[in-house]
Structure formats: C-alpha cells, structure tokens
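Trainee: Once you've had a glance at the structure underneath, I'll fire off some questions.
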Number of protein chains: 2
Amino acid sequence: MRLHDLPTPSLILDRSKLLANLAGMRKGVGRHQVAFRPHLKTAKSVDVAHLAFGGGVGPITVSTLTEAEYFAQHGFRSITLAAGIPADKLDRAGRVAAICGHLTLVTDDLETATAMAAHPGPFKVLIEIDSGERRGGVLPADPALPALGHALGSKFAGVLTHAGHSYLTRTLADIRRVAEEERGAAVSAAERLRDAGLVVEVISVGSTPTAMHAERLDGVTEVRAGVYMFGDLFQAELGSHARDDIALTVLTSVIRRRPAENRVILDAGALALSKDRSTGQTEHDIGFGLVWDLEGRATLGNCTIERAYQEHGVATSDRPLPFDALPLGRRLRVAPNHACLTAAAYDRYYVVDGGEEIVAEYDRINGW
Amino acid sequence: MRLHDLPTPSLILDRSKLLANLAGMRKGVGRHQVAFRPHLKTAKSVDVAHLAFGGGVGPITVSTLTEAEYFAQHGFRSITLAAGIPADKLDRAGRVAAICGHLTLVTDDLETATAMAAHPGPFKVLIEIDSGERRGGVLPADPALPALGHALGSKFAGVLTHAGHSYLTRTLADIRRVAEEERGAAVSAAERLRDAGLVVEVISVGSTPTAMHAERLDGVTEVRAGVYMFGDLFQAELGSHARDDIALTVLTSVIRRRPAENRVILDAGALALSKDRSTGQTEHDIGFGLVWDLEGRATLGNCTIERAYQEHGVATSDRPLPFDALPLGRRLRVAPNHACLTAAAYDRYYVVDGGEEIVAEYDRINGW
C-alpha cells in the first residue's frame with residue numbers, strides 16, 4: 001500500500017524522521033548523567049514507545065490514566081503520570097499501579113496528598129514544583145512544601161517540574177535560561193525537603209526545548225520530553241529542531257480549486273488538523289498548517305492553511321500555485337502547528353520510511 | 001448513575017435542552033413551505049438523529065463519507081453529503097448509495113462532475129453555489145454553470161449553498177440580509193440551470209443562523225442546519241439562541257487551586273475542549289470555555305478558561321472564586337466555543353434530563 005491508496009485525511013508518520021528525532025534527544029539528554037523518561041502524551045502509541053527504547057520497554061511519562069492503563073497493559077513497568085488527578089481517581093490509579101509495578105503520581109495539594117498517603121494503592125507520589133510557568137505546582141520556597149512532603153508519608157518519592165514557559169522563549173539563550181530555572185527550582189525544592197528529613201529519590205524536570213538545550217542538570221535525576229518525537233511547526237519556530245525534522249503530517253486531497261484567488265481547498269480542516277494556532281505568536285505564522293507536496297517538500301512555496309472549517313482547509317501561497325499540477329484529488333501533506341493536538345483526531349498512524357510506501361500501521365489511543 | 005459517578009472529562013448532553021432546540025428549529029423552518037434536512041455533522045449520533053425525527057428517520061445532511069456510511073447502516077434513507085469529495089472516493093460513495101437508496105453528493109468542478117456522471121454508483125449530485133462565503137462553489141452568474149449541470153447528465157439533481165458568512169454577522173438584520181443572499185444565490189442559479197434546459201429538483205440552503213431567521217424562502221425546496229441542536233457560545237453570541245439553551249457541556253474536575261491568583265485548574269484542557277476560539281471576535285470572549293457549576297448555572301460569575309494546555313484548563317473569573325466551595329475534585333461543567341469541535345474528542349454522550357442523573361448514553365462516531 002502506498003500514500004496514494006489511503007483515504008484522506010489520514011495521519012502519516014515518517015519513521016526515518018521519528019528515529020532521527022529519538023536519537024537526537026537521546027544524544028541531547030545523554031550529555032548529562034541523568035535518566036530519560038520520554039513522555040508519550042504526543043504519540044499515545046505502544047509501537048512508538050517501543051522505538052524509543054530500541055524495541056523494548058523503559059520508564060515513561062503519560063498525561064492521563066487511560067494512557068497509563070494502556071502502556072501498563074502493554075508491559076511498561078515504570079510510569080509517571082505527570083498531570084494532577086483528583087482523589088476520586090485514586091482507586092483507578094491503584095489498579096494501574098498493581099499492573100505495572102511502578103506508578104508515580106503528582107500533587108501540589110495538601111488534602112490530596114493526605115488522601116494519597118491513606119490510599120492502599122501501591123503508587124508513589126512526586127510533589128509538583130512551579131519553576132516559573134505559573135500553571136500547577138508549589139513554589140520551591142513555599143512554606144507549605146515540607147508539610148506536603150510529610151503528608152505523603154511513605155508514598156513520597158521526590159519532586160517534578162515542567163518548565164512550560166520554555167514555550168514562550170524565542171532564542172537559544174532564553175531556552176538555556178529557562179532550563180536553568182527549571183533545574184534550580186527542582187533542586188532547591190528537593191534540598192528543602194531533605195532539610196526537613198525526607199528522602200528525595202526523584203528530581204524530575206523537562207520539556208522538549210529545555211531537555212534538548214539545558215547546559216547542566218546537576219542534581220537532577222531524570223528528564224522528560226515528548227513532542228520532540230514527532231516535532232511540529234511550533235517546535236521548529238522555537239528552535240527545538242528543523243522544519244525538515246517534522247515526522248508527523250496529515251495526508252489530504254485537493255477538493256476544490258479557486259485559481260482566481262490563488263487558493264485550493266483541502267479535505268483537511270479543523271477536525272483533521274485541530275484549531276491550534278501555536279505559530280500565531282512566532283516569527284513565521286503558518287495559519288492552521290503548512291502544505292507540502294506528497295513527498296513532503298515545500299514545492300508549493302510558503303503554502304499555508306489560512307482558514308480551517310470543520311472539514312475544509314483553505315490554502316494559499318506566497319507564490320502562484322501550480323494549478324495544472326493541482327487537479328481535484330491531488331494528494332498533499334500538511335505539517336501541523338502542534339503535533340499533540342493534530343494526532344488526537346486519529347486512531348492510527350500510517351507509517352512511511354521516507355518514501356510513499358506504507359511500511360506499517362501503528363495504533364494510538366485517545367480519550368480519558 | 002449520576003454526574004458525580006462519571007470519569008472526568010466527559011461529554012454531557014442535556015436532552016431537555018436538545019429537545020427544545022430541535023423544536024425551536026422545526027418551528028423556525030416551519031414558517032416556510034420547505035423541507036428540513038438536519039445536518040448531523042455536529043452530533044454524529046444516530047440517537048440524536050432519531051430525536052430530530054420524533055424517534056424515526058428522515059432526510060439528513062452529513063459532512064463525511066464515514067458519517068454517511070454510519071447513518072445508512074442505521075436505516076437513514078436520504079442522505080446529502082454536503083462537502084466536496086475527490087473522484088477517488090466515488091466507489092465508496094456508490095456503495096453507500098446502494099445501501100441507503102438516496103445519496104446526494106455535491107461538486108463545483110467540471111472534471112469531477114464528468115467523473116460522477118460516468119460512475120455507475122446510484123447517487124445524485126447537486127452543484128455547489130457560492131452565496132457569498134467564498135469557500136466552495138461556483139457563483140450563480142458563473143458562465144460555466146450550465147456546462148457543469150449538463151456534464152452531470154442524469155445524476156444532476158439541483159443546487160446547494162451554505163451561507164457560512166452568516167457566522168460573520170453580529171445583528172439580526174445582518175443575518176436576515178445574509179439569509180436573503182443565500183436564498184437569492186440558490187434560486188438564481190437554479191433559474192439559470194432551468195433556462196439551460198435542466199430539471200432542478202432540489203434547491204438547498206442553510207446554516208443555523210439563516211435557517212432560524214430567514215424572512216422568506218420562496219423558491220427554496222429544503223433547508224439545512226446542524227449546530228443548533230446543541231448550540232454553543234459562539235452561536236449564542238450570534239443570537240441563534242440564548243446561552244441557557246446550550247445542551248452540550250464538558251464535565252470536569254478541579255485538579256489544582258491557585259487562590260492567590262483567583263484561578264483554578266481543571267482537567268478539561270485543549271484535548272477535552274478543543275482549541276477553537278470562535279468567541280475571540282465576538283462581544284463576549286469566553287476564552288476556551290465558560291465554566292458553570294455542576295447544575296449548569298453561572299454561579300462562578302463570568303468564569304472562563306483563559307489558557308488551555310493539553311490536559312489542563314486554567315480558569316479565572318471576574319469575581320472572587322469561592323475557594324471554600326472549590327476543593328480538589330469539585331465537579332464543574334464547561335460550555336464550549338464550538339460544539340462541533342468539542343464533541344469530536346469523545347466517543348459518547350452521557351445524557352441528562354436537566355438534572356444530575358444519567359438517563360442514557362448515546363454513541364457518536366469520529367474520523368473519516
């Protein structure tokens with residue numbers, strides 16, 4: 001089967017680029033003496049997870065209990081759920097912990113920590129630290145931090161932070177500054193907890209930009225990153241990778257032509273691409289996606305999806321589109337703003353290895 | 001089972017509001033001597049479709065071949081696929097047509113029309129007319145229109161237009177003006193085709209705002225609308241319905257509290273709500289969603305999701321949030337910007353009838 005045989009829209013994963021991205025991050029993190037715990041919230045696929053570990057299994061991060069269940073059922077033994085959950089999900093978490101053996105949760109709340117400590121489930125808990133993003137977590141200097149650690153009792157395992165504000169940076173120097181903030185926040189929180197008599201085994205940090213570019217990770221025990229596997233246009237704008245490294249695209253067909261306006265309409269719209277507009281604030285705004293030819297090359301110029309309706313993407317370019325080469329049904333590929341959101345519309349990846357032949361199908365899960 | 005027993009995030013459909021919305025549109029369209037062909041692209045659910053026909057079946061509109069297959073398999077006999085498809089999907093369309101008996105496609109392209117005419121599939125075809133949105137369709141005065149009709153041969157059945165630019169209106173007078181543009185474009189295109197010797201059976205128009213508010217539909221044979229079933233905050237801003245008519249909400253839990261910033265973090269983020277920002281250009285910008293209490297009331301003030309991460313929604317309000325009543329795990333409901341996109345993240349609706357008891361589960365389909 002080849003790209004020409006697939007229904008459109010379909011989700012295409014270029015394994016050669018994926019493998020290069022996996023190797024690149026292993027090399028980036030390998031500069032430091034830390035463990036790597038890839039985040040599977042982007043891929044949500046056991047096939048992709050196996051590739052991240054050379055065919056086997058290893059420690060992973062997930063964003064939902066549904067992902068934790070799925071990977072536990074597929075033999076992954078060490079899973080960190082890096083998003084806070086309410087106490088009424090602890091029974092379900094306990095069942096996952098019993099399957100995989102090593103499930104780690106996070107909290108930043110005293111009441112939840114107390115409920116976690118009292119729960120019979122065999123999971124561990126990290127205290128979430130706010131390293132500057134101001135989303136979740138307690139500040140490293142928060143007077144309540146030691147009490148939170150003590151409240152977790154024997155379930156306490158360490159600290160975790162995610163420098164999501166690395167996504168606001170636009171230069172390598174800024175990414176390195178945020179990476180040092182991330183490291184500093186986690187390590188100083190750990191020191192305060194150690195000073196309070198607690199044993200801090202895990203000091204976990206990470207985001208794709210900081211994992212790739214941190215200059216030092218002294219004191220950190222593990223690094224997490226996820227979107228680097230596929231890459232996307234927003235990460236390319238941040239400098240996490242080159243545009244050509246993007247492994248995830250949406251296969252689409254031309255369904256209408258409007259030569260007088262230099263526009264074509266594609267069957268990849270808001271549902272197929274998502275309404276994510278991450279590049280709206282970066283140097284190169286690509287609308288709802290960047291349109292490449294079937295081979296994944298930018299032969300249509302800076303061809304972007306300027307409007308996204310439910311099932312229609314309206315594409316235009318900074319140069320005259322070659323309408324003779326764009327009949328109805330012509331297949332193209334769209335690189336996404338944000339891989340995590342685009343992939344979520346699909347239940348499988350059609351896998352290519354640089355070319356047009358479909359060499360595999362990888363399943364993926366969605367939902368909660 | 002009650003709302004308290006569901007996992008979060010979950011998709012909640014209030015049947016009492018849905019039924020009122022269905023009745024309201026029947027009444028709105030019933031002012032005119034036209035058929036009504038509800039669009040199922042929002043609901044994508046056979047259970048909801050049955051409610052639209054008092055428990056039975058009737059003529060429907062869909063946006064994908066996957067929807068057409070699903071509804072055909074569930075006994076719907078007259079289906080219009082209102083989005084253009086490339087010629088390589090005609091075999092699949094032919095199979096759907098054989099199942100349901102009356103499948104109608106659309107085109108605005110001569111080459112595709114020729115391929116449709118030559119195809120053995122028992123479907124009919126409408127010519128898509130551009131009534132002002134400048135997305136798809138040929139203009140009513142386009143010199144190529146009669147040739148397009150003749151190219152379709154015996155498959156030609158009429159014209160279809162969708163005044164999607166009604167979504168740019170902000171007053172009732174503007175909606176009525178666009179409705180008249182929509183009607184005028186369809187009827188004048190039909191007249192030109194009749195003048196060219198063609199038999200025009202179907203003159204199909206519609207969007208939720210124009211279907212509800214059109215002052216006259218002389219010459220039109222059928223009206224389509226879809227998002228009115230559930231409603232959403234964008235349609236409320238347009239005046240299609242009141243905020244209180246919104247039947248679709250996302251059930252979510254508080255997973256973090258940041259009292260110093262008057263913020264709570266919910267487990268409904270970008271995947272659970274979508275990144276749609278339709279209200280960004282309307283009078284009341286509700287960010288990524290409007291947060292109601294568990295009963296669906298605005299007791300938290302103008303509480304909106306200001307940031308949406310993959311699994312986290314950051315909510316704040318124009319008044320101090322009652323943190324004593326918002327412990328971790330507290331359940332809330334979020335009304336969406338755009339029902340079609342929010343619903344697409346889920347594979348089922350949990351149905352309530354005004355209260356908190358789950359009275360049914362309705363399945364829904366996604367994908368292509």
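If you're wondering about the labels, chains in the structure tokens are A, B, ... by order shown, residues count from 1 in each chain, ligands from 1 in order shown.
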Over all C-alpha pairs taken in sequence order, what does chain A look like after a least-squares fit onto chain B? Please give it as a short mmCIF file (atom, residue, chain, number, x, y, z; two decimals) with C-alpha atoms, in the first residue's frame.
Mentor:
```
data_model
loop_
_atom_site.label_atom_id
_atom_site.label_comp_id
_atom_site.auth_asym_id
_atom_site.auth_seq_id
_atom_site.Cartn_x
_atom_site.Cartn_y
_atom_site.Cartn_z
CA MET A 1 -25.56 6.73 37.70
CA ARG A 2 -25.16 10.44 38.30
CA LEU A 3 -22.79 13.17 37.13
CA HIS A 4 -20.74 12.52 40.28
CA ASP A 5 -20.05 8.95 39.17
CA LEU A 6 -18.60 9.75 35.74
CA PRO A 7 -14.92 9.97 34.93
CA THR A 8 -13.76 13.46 34.02
CA PRO A 9 -13.54 14.90 31.46
CA SER A 10 -16.79 13.54 29.98
CA LEU A 11 -19.20 14.91 27.42
CA ILE A 12 -22.65 15.74 28.80
CA LEU A 13 -25.74 16.23 26.68
CA ASP A 14 -28.85 17.76 28.26
CA ARG A 15 -31.72 16.06 26.46
CA SER A 16 -34.34 18.54 27.66
CA LYS A 17 -32.38 21.40 26.07
CA LEU A 18 -31.66 19.34 22.96
CA LEU A 19 -35.38 18.61 22.51
CA ALA A 20 -36.22 22.31 22.96
CA ASN A 21 -33.58 23.27 20.38
CA LEU A 22 -34.92 20.67 17.93
CA ALA A 23 -38.45 21.99 18.41
CA GLY A 24 -37.28 25.59 18.08
CA MET A 25 -35.65 24.97 14.71
CA ARG A 26 -38.63 22.93 13.49
CA LYS A 27 -40.79 25.94 14.35
CA GLY A 28 -38.30 28.35 12.71
CA VAL A 29 -38.12 26.38 9.48
CA GLY A 30 -41.84 25.57 9.71
CA ARG A 31 -42.64 29.21 8.96
CA HIS A 32 -41.78 28.38 5.34
CA GLN A 33 -43.09 25.84 2.85
CA VAL A 34 -39.82 23.91 2.66
CA ALA A 35 -38.43 20.56 3.69
CA PHE A 36 -35.93 20.38 6.57
CA ARG A 37 -32.80 18.25 6.29
CA PRO A 38 -30.91 18.48 9.61
CA HIS A 39 -27.13 18.33 9.48
CA LEU A 40 -25.62 15.61 11.67
CA LYS A 41 -22.01 16.82 11.46
CA THR A 42 -22.24 18.20 15.00
CA ALA A 43 -24.00 15.32 16.73
CA LYS A 44 -22.66 12.38 14.65
CA SER A 45 -25.04 10.20 16.64
CA VAL A 46 -27.89 8.01 15.47
CA ASP A 47 -29.61 8.52 18.83
CA VAL A 48 -29.64 12.27 18.37
CA ALA A 49 -30.74 11.89 14.74
CA HIS A 50 -33.72 9.81 15.85
CA LEU A 51 -34.76 12.55 18.29
CA ALA A 52 -34.67 15.05 15.42
CA PHE A 53 -37.36 12.94 13.72
CA GLY A 54 -39.54 12.12 16.72
CA GLY A 55 -37.95 8.70 17.11
CA GLY A 56 -37.86 7.71 13.44
CA VAL A 57 -35.73 8.57 10.44
CA GLY A 58 -35.84 11.36 7.88
CA PRO A 59 -33.71 13.20 5.35
CA ILE A 60 -30.33 14.21 6.77
CA THR A 61 -27.16 16.05 5.83
CA VAL A 62 -23.65 14.80 6.69
CA SER A 63 -20.11 16.11 6.24
CA THR A 64 -18.09 12.91 5.65
CA LEU A 65 -18.50 9.57 3.93
CA THR A 66 -17.92 7.89 7.29
CA GLU A 67 -21.00 9.66 8.65
CA ALA A 68 -22.95 8.70 5.52
CA GLU A 69 -22.01 5.03 5.99
CA TYR A 70 -22.91 5.10 9.68
CA PHE A 71 -26.34 6.65 9.18
CA ALA A 72 -27.06 4.46 6.14
CA GLN A 73 -26.28 1.37 8.20
CA HIS A 74 -28.73 2.65 10.83
CA GLY A 75 -31.62 2.92 8.40
CA PHE A 76 -31.46 6.51 7.20
CA ARG A 77 -32.64 6.51 3.58
CA SER A 78 -31.99 10.02 2.25
CA ILE A 79 -28.53 11.44 2.89
CA THR A 80 -26.86 14.52 1.43
CA LEU A 81 -23.08 14.71 1.78
CA ALA A 82 -22.62 18.48 1.72
CA ALA A 83 -18.80 18.53 1.43
CA GLY A 84 -16.98 18.03 -1.85
CA ILE A 85 -15.16 14.73 -2.34
CA PRO A 86 -12.42 13.82 -4.82
CA ALA A 87 -13.26 11.38 -7.60
CA ASP A 88 -11.29 8.58 -5.95
CA LYS A 89 -13.99 8.39 -3.27
CA LEU A 90 -16.82 7.76 -5.74
CA ASP A 91 -16.64 3.96 -5.42
CA ARG A 92 -17.14 4.27 -1.68
CA ALA A 93 -19.96 6.78 -2.24
CA GLY A 94 -21.55 4.34 -4.70
CA ARG A 95 -21.58 1.63 -2.04
CA VAL A 96 -23.25 3.98 0.46
CA ALA A 97 -25.81 4.99 -2.17
CA ALA A 98 -26.66 1.33 -2.73
CA ILE A 99 -27.31 0.88 1.00
CA CYS A 100 -29.38 3.97 1.73
CA GLY A 101 -31.11 4.39 -1.62
CA HIS A 102 -30.83 8.18 -1.85
CA LEU A 103 -27.34 9.59 -1.52
CA THR A 104 -26.69 13.07 -2.88
CA LEU A 105 -23.20 14.48 -3.41
CA VAL A 106 -22.03 17.99 -4.30
CA THR A 107 -19.48 19.36 -6.74
CA ASP A 108 -18.34 22.64 -8.23
CA ASP A 109 -15.76 21.16 -10.61
CA LEU A 110 -16.21 20.14 -14.25
CA GLU A 111 -13.73 17.27 -14.21
CA THR A 112 -15.28 15.77 -11.07
CA ALA A 113 -18.78 16.27 -12.48
CA THR A 114 -17.77 14.34 -15.58
CA ALA A 115 -16.36 11.52 -13.44
CA MET A 116 -19.54 11.49 -11.35
CA ALA A 117 -21.73 11.28 -14.45
CA ALA A 118 -19.73 8.31 -15.73
CA HIS A 119 -19.75 6.48 -12.41
CA PRO A 120 -22.15 3.53 -12.01
CA GLY A 121 -22.98 4.46 -8.40
CA PRO A 122 -26.71 5.25 -7.87
CA PHE A 123 -26.11 8.70 -6.33
CA LYS A 124 -27.36 12.11 -7.39
CA VAL A 125 -25.35 15.35 -7.44
CA LEU A 126 -26.05 18.97 -6.55
CA ILE A 127 -23.96 21.82 -7.90
CA GLU A 128 -22.49 23.79 -5.04
CA ILE A 129 -23.18 27.52 -5.32
CA ASP A 130 -21.13 30.25 -3.65
CA SER A 131 -23.64 32.59 -2.00
CA GLY A 132 -21.01 34.94 -0.60
CA GLU A 133 -18.73 32.96 1.72
CA ARG A 134 -16.02 32.49 -0.93
CA ARG A 135 -15.15 28.99 0.27
CA GLY A 136 -16.51 26.47 -2.20
CA GLY A 137 -18.97 26.65 -5.04
CA VAL A 138 -19.46 28.51 -8.29
CA LEU A 139 -21.06 31.92 -8.40
CA PRO A 140 -24.68 31.95 -9.61
CA ALA A 141 -23.63 34.10 -12.59
CA ASP A 142 -20.61 31.96 -13.49
CA PRO A 143 -20.63 31.32 -17.25
CA ALA A 144 -19.52 27.72 -16.54
CA LEU A 145 -22.64 26.87 -14.51
CA PRO A 146 -24.82 25.38 -17.31
CA ALA A 147 -21.92 23.25 -18.59
CA LEU A 148 -21.48 21.87 -15.09
CA GLY A 149 -25.15 20.89 -14.98
CA HIS A 150 -25.03 19.24 -18.39
CA ALA A 151 -21.82 17.40 -17.51
CA LEU A 152 -23.63 15.68 -14.63
CA GLY A 153 -26.15 14.19 -17.03
CA SER A 154 -28.83 12.10 -15.36
CA LYS A 155 -27.12 12.48 -11.99
CA PHE A 156 -27.89 16.20 -11.86
CA ALA A 157 -30.47 16.99 -9.17
CA GLY A 158 -30.16 20.67 -8.32
CA VAL A 159 -28.16 23.22 -6.35
CA LEU A 160 -26.90 23.61 -2.80
CA THR A 161 -25.41 26.57 -0.97
CA HIS A 162 -24.29 27.28 2.59
CA ALA A 163 -24.09 30.90 3.75
CA GLY A 164 -21.17 30.31 6.10
CA HIS A 165 -20.61 34.05 6.12
CA SER A 166 -23.68 34.27 8.37
CA TYR A 167 -21.11 33.48 11.08
CA LEU A 168 -19.54 36.88 10.48
CA THR A 169 -22.76 38.72 11.26
CA ARG A 170 -23.47 40.32 14.62
CA THR A 171 -27.07 41.59 14.29
CA LEU A 172 -30.39 40.05 13.38
CA ALA A 173 -30.70 42.45 10.45
CA ASP A 174 -27.37 41.20 9.12
CA ILE A 175 -28.39 37.56 9.47
CA ARG A 176 -31.59 38.31 7.53
CA ARG A 177 -29.60 40.07 4.81
CA VAL A 178 -27.26 37.05 4.50
CA ALA A 179 -30.24 34.67 4.49
CA GLU A 180 -31.67 36.59 1.55
CA GLU A 181 -28.29 36.45 -0.22
CA GLU A 182 -28.23 32.71 0.35
CA ARG A 183 -31.74 32.25 -0.98
CA GLY A 184 -31.16 34.61 -3.90
CA ALA A 185 -27.95 32.88 -4.98
CA ALA A 186 -29.50 29.42 -4.91
CA VAL A 187 -32.69 30.44 -6.70
CA SER A 188 -30.94 32.48 -9.39
CA ALA A 189 -28.50 29.64 -10.06
CA ALA A 190 -31.45 27.26 -10.35
CA GLU A 191 -33.16 29.61 -12.79
CA ARG A 192 -30.09 29.75 -14.99
CA LEU A 193 -29.90 25.94 -15.01
CA ARG A 194 -33.61 25.68 -15.86
CA ASP A 195 -33.09 28.19 -18.67
CA ALA A 196 -30.38 25.82 -19.94
CA GLY A 197 -32.95 23.00 -20.11
CA LEU A 198 -32.11 21.20 -16.90
CA VAL A 199 -34.64 19.88 -14.39
CA VAL A 200 -33.80 21.37 -10.99
CA GLU A 201 -35.50 19.33 -8.29
CA VAL A 202 -33.51 20.42 -5.25
CA ILE A 203 -32.68 23.97 -4.14
CA SER A 204 -30.99 23.51 -0.79
CA VAL A 205 -29.83 26.30 1.55
CA GLY A 206 -28.89 26.66 5.17
CA SER A 207 -26.81 27.48 8.18
CA THR A 208 -28.03 27.67 11.77
CA PRO A 209 -28.40 31.48 11.83
CA THR A 210 -30.03 31.80 8.40
CA ALA A 211 -32.31 28.78 8.88
CA MET A 212 -33.59 30.25 12.13
CA HIS A 213 -34.05 33.81 10.95
CA ALA A 214 -34.68 33.86 7.17
CA GLU A 215 -37.66 36.08 6.40
CA ARG A 216 -38.61 34.27 3.21
CA LEU A 217 -37.51 31.15 1.38
CA ASP A 218 -39.51 31.45 -1.85
CA GLY A 219 -38.16 29.09 -4.46
CA VAL A 220 -36.13 27.05 -1.97
CA THR A 221 -37.02 23.36 -1.58
CA GLU A 222 -35.06 22.45 1.57
CA VAL A 223 -33.15 23.94 4.48
CA ARG A 224 -30.16 22.50 6.35
CA ALA A 225 -28.76 23.32 9.83
CA GLY A 226 -26.82 21.36 12.42
CA VAL A 227 -25.11 23.12 15.30
CA TYR A 228 -28.49 24.47 16.54
CA MET A 229 -29.14 21.02 18.07
CA PHE A 230 -26.57 21.53 20.80
CA GLY A 231 -25.85 25.24 20.51
CA ASP A 232 -22.62 26.77 21.77
CA LEU A 233 -21.23 30.05 22.99
CA PHE A 234 -20.42 31.30 19.50
CA GLN A 235 -23.98 30.68 18.31
CA ALA A 236 -25.25 32.40 21.46
CA GLU A 237 -23.09 35.41 20.59
CA LEU A 238 -24.57 35.42 17.07
CA GLY A 239 -28.07 35.41 18.53
CA SER A 240 -29.03 31.95 17.23
CA HIS A 241 -30.13 31.05 20.76
CA ALA A 242 -29.64 32.03 24.43
CA ARG A 243 -26.67 30.86 26.48
CA ASP A 244 -29.06 28.87 28.62
CA ASP A 245 -30.09 26.84 25.58
CA ILE A 246 -26.64 25.24 25.23
CA ALA A 247 -27.23 21.48 25.58
CA LEU A 248 -23.59 20.34 25.37
CA THR A 249 -21.08 20.74 28.20
CA VAL A 250 -17.88 19.09 29.35
CA LEU A 251 -17.89 17.66 32.87
CA THR A 252 -14.59 18.46 34.55
CA SER A 253 -12.88 18.27 37.98
CA VAL A 254 -10.84 20.87 39.81
CA ILE A 255 -7.31 19.46 39.88
CA ARG A 256 -5.41 22.48 41.23
CA ARG A 257 -6.21 25.66 43.11
CA ARG A 258 -4.29 28.92 42.99
CA PRO A 259 -6.23 31.20 45.38
CA ALA A 260 -3.58 33.93 45.34
CA GLU A 261 -4.25 34.37 41.61
CA ASN A 262 -8.02 33.69 41.77
CA ARG A 263 -7.49 30.70 39.49
CA VAL A 264 -8.47 27.05 39.47
CA ILE A 265 -7.04 24.45 37.12
CA LEU A 266 -9.45 21.94 35.60
CA ASP A 267 -8.86 18.58 33.96
CA ALA A 268 -10.53 19.88 30.78
CA GLY A 269 -7.82 21.31 28.55
CA ALA A 270 -7.13 21.64 24.85
CA LEU A 271 -8.00 18.02 24.03
CA ALA A 272 -11.20 18.01 26.09
CA LEU A 273 -12.46 21.39 24.85
CA SER A 274 -10.62 21.92 21.52
CA LYS A 275 -8.54 24.99 20.76
CA ASP A 276 -11.43 26.67 18.99
CA ARG A 277 -11.58 30.39 19.78
CA SER A 278 -14.73 31.34 17.90
CA THR A 279 -15.79 33.86 20.53
CA GLY A 280 -12.44 35.65 20.20
CA GLN A 281 -14.05 38.03 17.71
CA THR A 282 -17.45 38.43 19.39
CA GLU A 283 -18.68 40.78 22.11
CA HIS A 284 -18.07 38.35 24.98
CA ASP A 285 -14.78 36.48 24.61
CA ILE A 286 -15.02 33.38 26.81
CA GLY A 287 -11.51 32.10 26.08
CA PHE A 288 -11.61 28.32 25.63
CA GLY A 289 -14.88 27.83 27.51
CA LEU A 290 -17.33 29.21 30.07
CA VAL A 291 -17.29 27.47 33.45
CA TRP A 292 -20.61 26.68 35.10
CA ASP A 293 -21.32 24.81 38.32
CA LEU A 294 -22.39 21.17 38.31
CA GLU A 295 -26.02 22.21 37.82
CA GLY A 296 -25.07 24.23 34.74
CA ARG A 297 -25.56 27.62 36.36
CA ALA A 298 -23.26 30.66 36.14
CA THR A 299 -22.74 30.85 39.92
CA LEU A 300 -18.97 31.38 39.52
CA GLY A 301 -19.49 34.69 37.72
CA ASN A 302 -18.00 35.16 34.29
CA CYS A 303 -15.63 32.25 34.88
CA THR A 304 -13.70 31.43 31.69
CA ILE A 305 -10.87 29.15 30.58
CA GLU A 306 -8.13 31.67 29.83
CA ARG A 307 -5.43 29.10 28.91
CA ALA A 308 -5.79 25.58 27.56
CA TYR A 309 -2.88 23.14 27.81
CA GLN A 310 -3.18 19.58 26.55
CA GLU A 311 -4.88 18.28 29.72
CA HIS A 312 -5.27 21.43 31.81
CA GLY A 313 -7.66 24.33 31.56
CA VAL A 314 -6.77 27.41 33.60
CA ALA A 315 -9.94 29.16 34.76
CA THR A 316 -10.41 32.56 36.31
CA SER A 317 -13.38 34.81 36.97
CA ASP A 318 -14.37 38.47 37.06
CA ARG A 319 -15.32 37.95 40.72
CA PRO A 320 -13.49 36.22 43.60
CA LEU A 321 -13.85 32.47 43.19
CA PRO A 322 -15.42 30.70 46.22
CA PHE A 323 -12.39 28.54 47.05
CA ASP A 324 -14.14 27.02 50.07
CA ALA A 325 -16.61 25.50 47.64
CA LEU A 326 -13.92 24.50 45.14
CA PRO A 327 -11.84 21.74 46.74
CA LEU A 328 -9.81 19.43 44.53
CA GLY A 329 -12.19 17.05 42.83
CA ARG A 330 -15.13 19.50 42.73
CA ARG A 331 -17.04 18.89 39.52
CA LEU A 332 -17.95 21.72 37.17
CA ARG A 333 -19.28 22.00 33.63
CA VAL A 334 -17.75 23.91 30.74
CA ALA A 335 -19.80 25.29 27.86
CA PRO A 336 -17.84 25.26 24.59
CA ASN A 337 -16.99 27.85 21.97
CA HIS A 338 -17.87 25.48 19.16
CA ALA A 339 -19.89 22.33 19.81
CA CYS A 340 -18.79 20.53 16.61
CA LEU A 341 -15.12 20.62 17.62
CA THR A 342 -15.55 19.91 21.32
CA ALA A 343 -17.78 16.89 20.75
CA ALA A 344 -15.20 15.40 18.35
CA ALA A 345 -12.88 14.48 21.24
CA TYR A 346 -15.40 11.96 22.64
CA ASP A 347 -16.92 8.67 21.58
CA ARG A 348 -20.13 8.99 23.59
CA TYR A 349 -22.56 11.40 25.20
CA TYR A 350 -23.69 10.97 28.78
CA VAL A 351 -27.27 12.20 28.69
CA VAL A 352 -29.06 14.09 31.46
CA ASP A 353 -32.58 15.50 31.53
CA GLY A 354 -32.00 18.78 33.29
CA GLY A 355 -30.81 17.09 36.49
CA GLU A 356 -27.73 15.14 37.56
CA GLU A 357 -28.96 11.63 36.78
CA ILE A 358 -27.53 9.93 33.70
CA VAL A 359 -30.64 8.83 31.82
CA ALA A 360 -28.92 7.42 28.71
CA GLU A 361 -25.65 7.01 26.84
CA TYR A 362 -25.62 7.97 23.16
CA ASP A 363 -22.79 6.80 20.95
CA ARG A 364 -21.13 9.05 18.39
CA ILE A 365 -18.63 8.47 15.63
CA ASN A 366 -15.50 10.34 14.62
CA GLY A 367 -12.87 10.13 11.93
CA TRP A 368 -13.07 9.72 8.20
#
```
Trainee: Could you give me, as an MDAnalysis selection string, each residue of segment 49-173 of chain B that DSSP assigns to helix (DSSP H, G or I) when run on this structure's backbone?
Mentor: chainID B and resid 49:52 65:73 87:100 110:118 145:151 153:155 164:168 172:173
